[in-house]
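To keep things clear, I will list the structure first and then write my remarks on it.
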Amino acid sequence: MIDINESVMQVLLAFIVVGPLLGAAAALLPAPPGLKGKSPEQAVLRHGVTVTGVILVAAIALTLGFDHDHPSKMQASTDINWIPALDVRIHLGIDGISLPLVVLTALLTFLCALYSYFKMPAGPSPKAFVALVLVLESGTLATFTVLDLLLFFLAFETVLVPMYFLIARWGGAGRTQAAWKFILFTLLGSVVMLLGLLLIGVKAGTFDMMALATDNGRSLTTSVQVIAVLAIGIGLAVKTPMWPLHSWLPDAHTAAPTVGSVLLAGVMLKMGTYGFVRILLPVAPDGFRVFAPYLAAFAVVGIIYGSLACLALAKQGAKGDLKRLIAYSSVGHMGFVLLGIATMTATGVNGALFANIAHGLITGLLFFLVGALKDRTGTTDLDTLAEQTGAALYGRTPRLGGLLAFAAVASLGLPGLAGFWGEMLALFGAFDPAADLSRPAFLTFMAIAAFGTLLTAAYLLVVVRRVCMGVVPHDAPRLADVQTYEFAAWTPLVALTVVAGLWPRALLGLTDPAVQQLLAGGTR
């Protein structure tokens, strides 16, 4: 830890949230200030790399200045009265729960900007593309750092517009329908969520998330908590996405450009699960306790459903799309996150937060790799890859094939890699849930989820066998192996997947004290 003055930390955090918005505005200028390129398009893409790189450096500096001895303490706090009539405040802060998500968002957005500089998706002007990515980054970072319920909602909704246009304007086949499905599902869920947030704010007399967490639901009756949890939970579940509110996700991922899929899976899905932990668990614990068994039940159904859907897509002759398969795998992986949260225990919630970060790293890498595979072969159809183009990647592109196999075994939860610890801790949490939850029910959920891990291994190994293994046809077209810019964009994700798997304490040391305090009733 580096000793950085608290006021400097406040400035850093404010800059991290607002900086991308300023960068987005600058990207729309006739020429981004201070940057030149061989063409205006190259200049604006370079501008995107520069802005996201500066935000990543600021996030790293924030991490170095963070008081790791007291991760449960809300740090770098800014509290400004914004709308006095509604008692809405510009209240920012980070603790051990939000800090890893801030760094993950900054890292993935920078890697996406770097990748796009060399491989810009086909579509309209890069100016709009860069501006939308930066607005998306700002909204996501704000979601993880604001401490006011209404500001949380505004940040939560900010990301919808840029993601809609990224899919609709730079996506592939079926992009218009997928974009509309995405925006309609998430907007309808958000309307219901807003009603729940307003109910809490009106009944408790404040929208301040820290005050509400410290109160721990004492100023809210059980019936109010139940209604609020149901309303807010629906909105969060759509964004997570939880079965059966997930149907927008496969279409969105299949149609989205590579960087859109990376950001959607890597950071946007985390906004829903973060809301469960940051808002519902501490603010309405009694109401959450009522729905916890149902949340766990939906979670394990999602685990099995997602795995079976992936197995069906992976079968030979099933016309399975590799991007669609990875999208369905996210339904299963996020099921483990929801199961951990539903246990209402420190073990389960820590597992959920760990799985959040692991999923962002691993699935982000998978979508990068599938995008590169599509660039080389022109398809993500498994039958076409395995048969018509002879995609025996180990023989044709050994580095690309090796990375795809690495990402697959990381995603199935191989011990020693990041995907293992989150799912294991979620299962341990289900083995011994909170005292007033039914242990027999959660033991059943644990057994079903554990079976889901076997299904996950099955479909991912089938994918590796079909895409990576086999004899290279004599007439197979030549494929380029991993390029320098791809190596630069993917290496951090590979390295962090290994580091998190071998040294889980680096992340759990941040989250555990904050989770313990959150479950005990409040934040300081």
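Simple scheme: letters A, B, ... for chains in structure tokens order, numbers from 1 for residues in each chain, numbers from 1 for ligands in the order shown.
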Using only C-alpha atoms, which residues sit within 9 Å of A:Phe118 once same-chain residues fewer than 2 positions away are excluded, as a count of residues only? 7
Determine, counting only C-alpha atoms, which protein, DNA and RNA residues have an atom within 8 Å of an atom of A:Cys112; residues of the same chain fewer than 3 positions away are not included. Present the result as a short mmCIF file (atom, residue, chain, number, x, y, z; two decimals) with all heavy atoms, in the first residue's frame.
```
data_model
loop_
_atom_site.label_atom_id
_atom_site.label_comp_id
_atom_site.auth_asym_id
_atom_site.auth_seq_id
_atom_site.Cartn_x
_atom_site.Cartn_y
_atom_site.Cartn_z
N LEU A 108 -10.77 -4.33 -18.57
CA LEU A 108 -11.43 -4.89 -19.75
C LEU A 108 -11.73 -3.81 -20.79
O LEU A 108 -11.61 -4.06 -22.00
CB LEU A 108 -12.71 -5.61 -19.34
CG LEU A 108 -12.54 -6.99 -18.70
CD1 LEU A 108 -13.88 -7.57 -18.28
CD2 LEU A 108 -11.82 -7.95 -19.64
N THR A 109 -12.12 -2.62 -20.34
CA THR A 109 -12.41 -1.55 -21.30
C THR A 109 -11.15 -1.13 -22.03
O THR A 109 -11.17 -0.90 -23.24
CB THR A 109 -13.04 -0.34 -20.60
OG1 THR A 109 -14.11 -0.77 -19.76
CG2 THR A 109 -13.59 0.64 -21.61
N TYR A 115 -7.69 -3.60 -28.51
CA TYR A 115 -8.02 -4.59 -29.54
C TYR A 115 -8.71 -3.90 -30.73
O TYR A 115 -8.40 -4.21 -31.89
CB TYR A 115 -8.94 -5.65 -28.93
CG TYR A 115 -9.25 -6.82 -29.82
CD1 TYR A 115 -8.39 -7.91 -29.90
CD2 TYR A 115 -10.41 -6.85 -30.58
CE1 TYR A 115 -8.67 -8.99 -30.72
CE2 TYR A 115 -10.70 -7.92 -31.40
CZ TYR A 115 -9.84 -8.99 -31.46
OH TYR A 115 -10.12 -10.07 -32.27
N SER A 116 -9.61 -2.96 -30.44
CA SER A 116 -10.35 -2.28 -31.51
C SER A 116 -9.44 -1.37 -32.34
O SER A 116 -9.72 -1.11 -33.51
CB SER A 116 -11.50 -1.46 -30.91
OG SER A 116 -12.41 -2.28 -30.23
N VAL A 259 -15.84 -6.88 -29.00
CA VAL A 259 -15.64 -6.07 -27.80
C VAL A 259 -16.96 -5.85 -27.05
O VAL A 259 -16.99 -5.73 -25.83
CB VAL A 259 -14.97 -4.72 -28.13
CG1 VAL A 259 -13.56 -4.95 -28.66
CG2 VAL A 259 -15.79 -3.92 -29.13
N VAL A 262 -17.40 -8.93 -24.96
CA VAL A 262 -16.45 -8.92 -23.83
C VAL A 262 -16.96 -8.01 -22.72
O VAL A 262 -16.97 -8.39 -21.54
CB VAL A 262 -15.05 -8.47 -24.30
CG1 VAL A 262 -14.13 -8.24 -23.10
CG2 VAL A 262 -14.45 -9.51 -25.24
N LEU A 263 -17.42 -6.82 -23.07
CA LEU A 263 -17.90 -5.87 -22.05
C LEU A 263 -19.23 -6.31 -21.46
O LEU A 263 -19.47 -6.14 -20.26
CB LEU A 263 -18.02 -4.47 -22.66
CG LEU A 263 -16.70 -3.81 -23.07
CD1 LEU A 263 -16.95 -2.50 -23.80
CD2 LEU A 263 -15.82 -3.57 -21.85
N ALA A 489 -3.49 -7.89 -25.80
CA ALA A 489 -4.83 -7.75 -25.23
C ALA A 489 -5.22 -8.93 -24.36
O ALA A 489 -6.02 -8.78 -23.42
CB ALA A 489 -5.85 -7.57 -26.35
#
```
Residues within 8 Å of A:Phe288, only C-alpha atoms, excluding chain neighbours under 5 positions, as JSON, numbers by chain: {"A": [225, 226, 229, 280, 281]}
Store the residues picked out above, limited to C-alpha atoms, as a compact mmCIF listing (two decimals), in the first residue's frame.
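Result file part06.txt:
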```txt
# COMPACT_ATOMS: atom_id res chain seq x y z
CA GLN A 225 -38.92 -5.24 2.63
CA VAL A 226 -40.62 -8.15 0.86
CA VAL A 229 -36.84 -7.10 -2.61
CA LEU A 280 -30.70 -6.03 -0.94
CA LEU A 281 -28.59 -8.02 1.54
```
Near stretch 123-140 of chain A, counting only C-alpha atoms, which residues have an atom at most 9 Å away, once you skip same-chain residues fewer than 2 positions from it, shown as a ChimeraX atom specification? /A:16-29,40-42,44-45,47-48,51-52,102,105-106,109,112-113,120-121,142-145,154-163,165-166,169-171,260,263,267-268,271
Residue with smallest distance to A:Phe442 - pool A:Leu353, A:Val494, A:Met424, A:Ala292, counting only C-alpha atoms: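 Ranking A:Leu353, A:Val494, A:Met424, A:Ala292 by distance to A:Phe442, first place goes to A:Ala292.
Between A:Asp67 and the residues A:Gly96, A:Gly395, A:Gly340, A:Gly53, the shortest atom-to-atom distance, using only C-alpha atoms, involves A:Gly96.
Excluding A:His246 itself and any same-chain residue fewer than 2 positions from it, the protein and nucleic acid residues within 10 Å of it, counting only C-alpha atoms, are A:Phe182, A:Phe185, A:Ala237, A:Val238, A:Lys239, A:Thr240, A:Pro241, A:Met242, A:Trp243, A:Pro244, A:Trp248, A:Leu249, A:Pro250, A:Gly302, A:Gly306, A:Ala327, A:Tyr328, A:Ser330, A:Val331.
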Would you return as a VMD selection string the members of stretch 61-208 of chain A that DSSP assigns to helix (DSSP H, G or I) on this structure's backbone? chain A and resid 61 to 65 84 to 86 98 to 118 126 to 145 149 to 158 160 to 170 175 to 204
Show me, as a tab-separated table (two decimals) with C-alpha atoms, in the first residue's frame, the residues that have an atom within 8 Å of A:Gly360 when counting only C-alpha atoms, minus same-chain residues fewer than 6 positions from it.
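Final output, saved to selection-v3.tsv:
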```
chain	number	residue	atom	x	y	z
A	104	LEU	CA	-11.87	-5.24	-13.71
A	265	ALA	CA	-20.14	-10.58	-20.17
A	266	GLY	CA	-17.14	-9.14	-18.38
A	267	VAL	CA	-18.67	-6.16	-16.58
```
Write out as a VMD selection string which residues come within 9 Å of A:Ala405 when counting only C-alpha atoms, dropping same-chain ones fewer than 5 positions away. chain A and resid 400 410 460 to 461 464 468
Which residues of stretch 284-348 of chain A come within 8 Å of stretch 376-380 of chain A, and what is each one's closest atom pair and distance in Å (one decimal), counting only C-alpha atoms, sorted by chain and residue number, as CSV?
```
residue,atom,partner,partner_atom,distance
A:Asp321,CA,A:Thr380,CA,5.5
A:Leu322,CA,A:Thr380,CA,5.3
A:Lys323,CA,A:Thr380,CA,6.8
```
Please identify which residues in stretch 57-242 of chain A DSSP calls strand (DSSP E or B) from the backbone, and express them as an NGL selection string. :A and (75-83 or 88-94 or 146 or 148 or 208)
Requested write-out: C-alpha atoms of the selected residues, as a PDB file, in the first residue's frame:
```
ATOM      1  CA  GLN A  75     -12.735   4.999   1.270  1.00  0.00           C
ATOM      2  CA  ALA A  76     -12.172   7.883  -1.171  1.00  0.00           C
ATOM      3  CA  SER A  77     -15.641   9.117  -0.204  1.00  0.00           C
ATOM      4  CA  THR A  78     -17.219  12.180  -1.776  1.00  0.00           C
ATOM      5  CA  ASP A  79     -20.592  13.391  -0.488  1.00  0.00           C
ATOM      6  CA  ILE A  80     -22.158  16.446  -2.171  1.00  0.00           C
ATOM      7  CA  ASN A  81     -25.748  17.591  -1.789  1.00  0.00           C
ATOM      8  CA  TRP A  82     -27.191  17.422  -5.328  1.00  0.00           C
ATOM      9  CA  ILE A  83     -31.015  17.596  -5.163  1.00  0.00           C
ATOM     10  CA  VAL A  88     -30.298  12.952  -3.448  1.00  0.00           C
ATOM     11  CA  ARG A  89     -26.542  13.259  -3.021  1.00  0.00           C
ATOM     12  CA  ILE A  90     -23.538  12.749  -5.268  1.00  0.00           C
ATOM     13  CA  HIS A  91     -22.086  10.166  -2.928  1.00  0.00           C
ATOM     14  CA  LEU A  92     -19.115   8.094  -4.102  1.00  0.00           C
ATOM     15  CA  GLY A  93     -16.912   5.592  -2.302  1.00  0.00           C
ATOM     16  CA  ILE A  94     -15.178   2.231  -2.596  1.00  0.00           C
ATOM     17  CA  VAL A 146     -22.146   5.465  -6.160  1.00  0.00           C
ATOM     18  CA  ASP A 148     -27.119   6.789  -3.389  1.00  0.00           C
ATOM     19  CA  ASP A 208     -28.201   7.023   1.185  1.00  0.00           C
TER      20      ASP A 208
END
```
For A:Asn216, which residue out of A:Leu107, A:Val283, A:Leu150, A:Ala309 is the nearest one, using only C-alpha atoms?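 Answer, going by the shortest atom-to-atom distance: A:Val283.
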